[in-house]
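*Asks:* Below is a structure I'd like to ask you about.
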Amino acid sequence: CHVLYKFCRIVDDIADTETSSKKKKLNELIFFLKSENKPKQIFLIEIKKLINKKIINREPLIELIKGVLTDTRHVHIQNTSQLINYSYLVAGSVGIMMCQLLNNTNLYSFKYAVDLGIAMQLTNILRDIIEDAKINRVYLPNSWIKIKPSKIIKQDKKIKKKLMSASRKLFFLSEKYYNSAYLGLAFLPIRSRFAILLALITYRQIGRKIIRKKYSNLNKREIISSVEKIKCLTVA
């Protein structure tokens, strides 16, 4: 799992840099994943070993990079379907690879892993509305709210009310996917089930905390404290 985590971390870091070469670097990663050429970077060598051993497939890795490529240009999500598709690319694809790493061969179970990835990404978007606006990104669909990043940062009462409505939609959409993902826990090996359940509960609490605190995401980046994580342990 650490090899996959390292790969995902590096992909995210490339996308978040301010250099003009980040698109080129991400496309080069796709090229290396598709080609038989031997890469020089250690993280690519390690991930290719997993591919060659048929532990994971290259397709979800490529989908992940394609999703992250979206973040290198002006984000323009039109509707809920595009939001879910984006969330699948950057997070649902990771769910598929986690299934493969856990040696889960039941293809039906992949749906639930994808749903957990989507749910977590929707929570990320809900939590980071302000932070994303500061780097000129808006992931709220235009069909929900048409708004520029600057308006999110300098929100008046009218804008805040619209953002609260959009946040509410986002929260309930994430809940739908968390509910589905929960059903998929039965497909996991016993030794892995608790860790995934804890991740689900803890991440889910971020959205619930935002709603409980009357849309605190519109003022700050909400987190789960150590005490709250312990409470999640008792629930799990």
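Please note that chains go A, B, ... in the order of the structure tokens, that every chain numbers its residues from 1, and that ligands are numbered from 1 in the order shown.
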Could you list, as a VMD selection string, every residue within 12 Å of segment 123-125 of chain A, counting only C-alpha atoms and ignoring same-chain residues fewer than 6 positions away?
*Replies:* chain A and resid 83 to 84 86 to 87 90 to 91 116 to 117 131 to 133 137 to 141 166 to 178 200 to 211 217 to 218 221 to 223
*Asks:* Using only C-alpha atoms, which of A:Pro39, A:Ile55, A:Leu197, A:Met98 sits nearest Tyr5 of chain A?
*Replies:*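 Closest to Tyr5 of chain A, using only C-alpha atoms: A:Met98.
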*Asks:* Using only C-alpha atoms for the distances, tell me which of A:Ser81, A:Gln121, A:Ser109, A:Asn142 is nearest to Tyr182 of chain A.
*Replies:*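 Result for the nearest residue to Tyr182 of chain A: A:Ser109.
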*Asks:* Compile the contact shell of Gly67 of chain A as an NGL selection string: residues with an atom at most 12 Å away, counting only C-alpha atoms, same-chain residues fewer than 6 positions apart removed.
*Replies:* :A and (8 or 11-12 or 15 or 23 or 26-27 or 30 or 60-61 or 73 or 75 or 82-94 or 121)
*Asks:* Convert the current residue selection to file output with C-alpha atoms, as a PDB file, in the first residue's frame.
*Replies:*
```
ATOM      1  CA  CYS A   8      -0.491   9.193  -5.473  1.00  0.00           C
ATOM      2  CA  VAL A  11       1.159  12.896  -8.596  1.00  0.00           C
ATOM      3  CA  ASP A  12      -0.689  15.340  -6.310  1.00  0.00           C
ATOM      4  CA  ALA A  15      -0.237  19.055  -9.850  1.00  0.00           C
ATOM      5  CA  LYS A  23       1.236  19.125 -17.401  1.00  0.00           C
ATOM      6  CA  LEU A  26       2.008  14.287 -15.628  1.00  0.00           C
ATOM      7  CA  ASN A  27       1.715  13.324 -19.292  1.00  0.00           C
ATOM      8  CA  ILE A  30       1.133   8.371 -18.426  1.00  0.00           C
ATOM      9  CA  PRO A  60      -6.721   3.076 -12.770  1.00  0.00           C
ATOM     10  CA  LEU A  61      -3.294   4.721 -12.431  1.00  0.00           C
ATOM     11  CA  ARG A  73      -6.168  24.015 -15.787  1.00  0.00           C
ATOM     12  CA  VAL A  75     -11.676  23.744 -13.277  1.00  0.00           C
ATOM     13  CA  GLN A  82     -19.221  15.759 -14.149  1.00  0.00           C
ATOM     14  CA  LEU A  83     -18.567  16.180 -10.420  1.00  0.00           C
ATOM     15  CA  ILE A  84     -18.977  12.439  -9.837  1.00  0.00           C
ATOM     16  CA  ASN A  85     -16.820  11.630 -12.867  1.00  0.00           C
ATOM     17  CA  TYR A  86     -14.044  13.908 -11.587  1.00  0.00           C
ATOM     18  CA  SER A  87     -14.312  12.352  -8.122  1.00  0.00           C
ATOM     19  CA  TYR A  88     -14.100   8.896  -9.671  1.00  0.00           C
ATOM     20  CA  LEU A  89     -10.927   9.766 -11.586  1.00  0.00           C
ATOM     21  CA  VAL A  90      -9.017  11.277  -8.660  1.00  0.00           C
ATOM     22  CA  ALA A  91     -10.323   9.013  -5.861  1.00  0.00           C
ATOM     23  CA  GLY A  92     -12.583   6.209  -7.085  1.00  0.00           C
ATOM     24  CA  SER A  93      -9.699   4.901  -9.184  1.00  0.00           C
ATOM     25  CA  VAL A  94      -7.656   4.588  -5.979  1.00  0.00           C
ATOM     26  CA  GLN A 121     -13.430  13.215  -2.521  1.00  0.00           C
TER      27      GLN A 121
END
```
*Asks:* Would you mind reading off the distance between atom CA of Ala181 of chain A and atom CA of Asn106 of chain A, one decimal, in Å?
*Replies:*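 About the pair atom CA of Ala181 of chain A and atom CA of Asn106 of chain A: they are 14.8 Å apart.
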*Asks:* Using only C-alpha atoms, find the one residue out of A:Ala195, A:Ile10, A:Ile145, A:Leu183 that sits nearest to Lys111 of chain A.
*Replies:* A:Leu183
*Asks:* Tell me, in Å to one decimal, how far atom CA of Arg193 of chain A is from atom CA of Lys49 of chain A.
*Replies:*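 About the pair atom CA of Arg193 of chain A and atom CA of Lys49 of chain A: they are 25.9 Å apart.
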*Asks:* Identify which of the residues A:Leu188, A:Ile65, A:Ile152, A:Ile118 lies closest to Gln100 of chain A, counting only C-alpha atoms when measuring atom-to-atom distances.
*Replies:* A:Leu188
*Asks:* Given the choices A:Ile45, A:Cys1, A:Leu102, A:Leu69, which gets closest to Lys22 of chain A if the distance is worked out from only C-alpha atoms?
*Replies:* A:Leu69
*Asks:* At what distance in Å, to one decimal, does atom CA of Glu36 of chain A lie from atom CA of Lys53 of chain A?
*Replies:*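 Between atom CA of Lys53 of chain A and atom CA of Glu36 of chain A the gap is 14.0 Å.
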*Asks:* How would you write, as a ChimeraX atom specification, the set of residues in segment 36-190 of chain A that DSSP gives as helix (DSSP H, G or I)?
*Replies:* /A:42-52,58-70,80-101,107-127,129-134,149-153,157-187,190
*Asks:* List as JSON, numbers by chain the protein and nucleic acid residues near Ser143 of chain A, meaning an atom at most 10 Å away when only C-alpha atoms are counted, but skip any in the same chain fewer than 4 places from it.
*Replies:* {"A": [77, 78, 79, 80, 166]}
*Asks:* Select, from A:Arg127, A:Lys146, A:Lys162, A:Arg9, the residue with the minimum atom-to-atom distance to Ile224 of chain A, counting only C-alpha atoms.
*Replies:*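 Looking only at the distances to Ile224 of chain A, the closest residue turns out to be A:Arg127.
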*Asks:* Residues at most 8 Å from Asn136 of chain A, counting only C-alpha atoms, excluding those fewer than 4 positions away in the same chain, as a list in words?
*Replies:*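 The filter keeps His74, Asp132, Pro149 and Ser150 of chain A.
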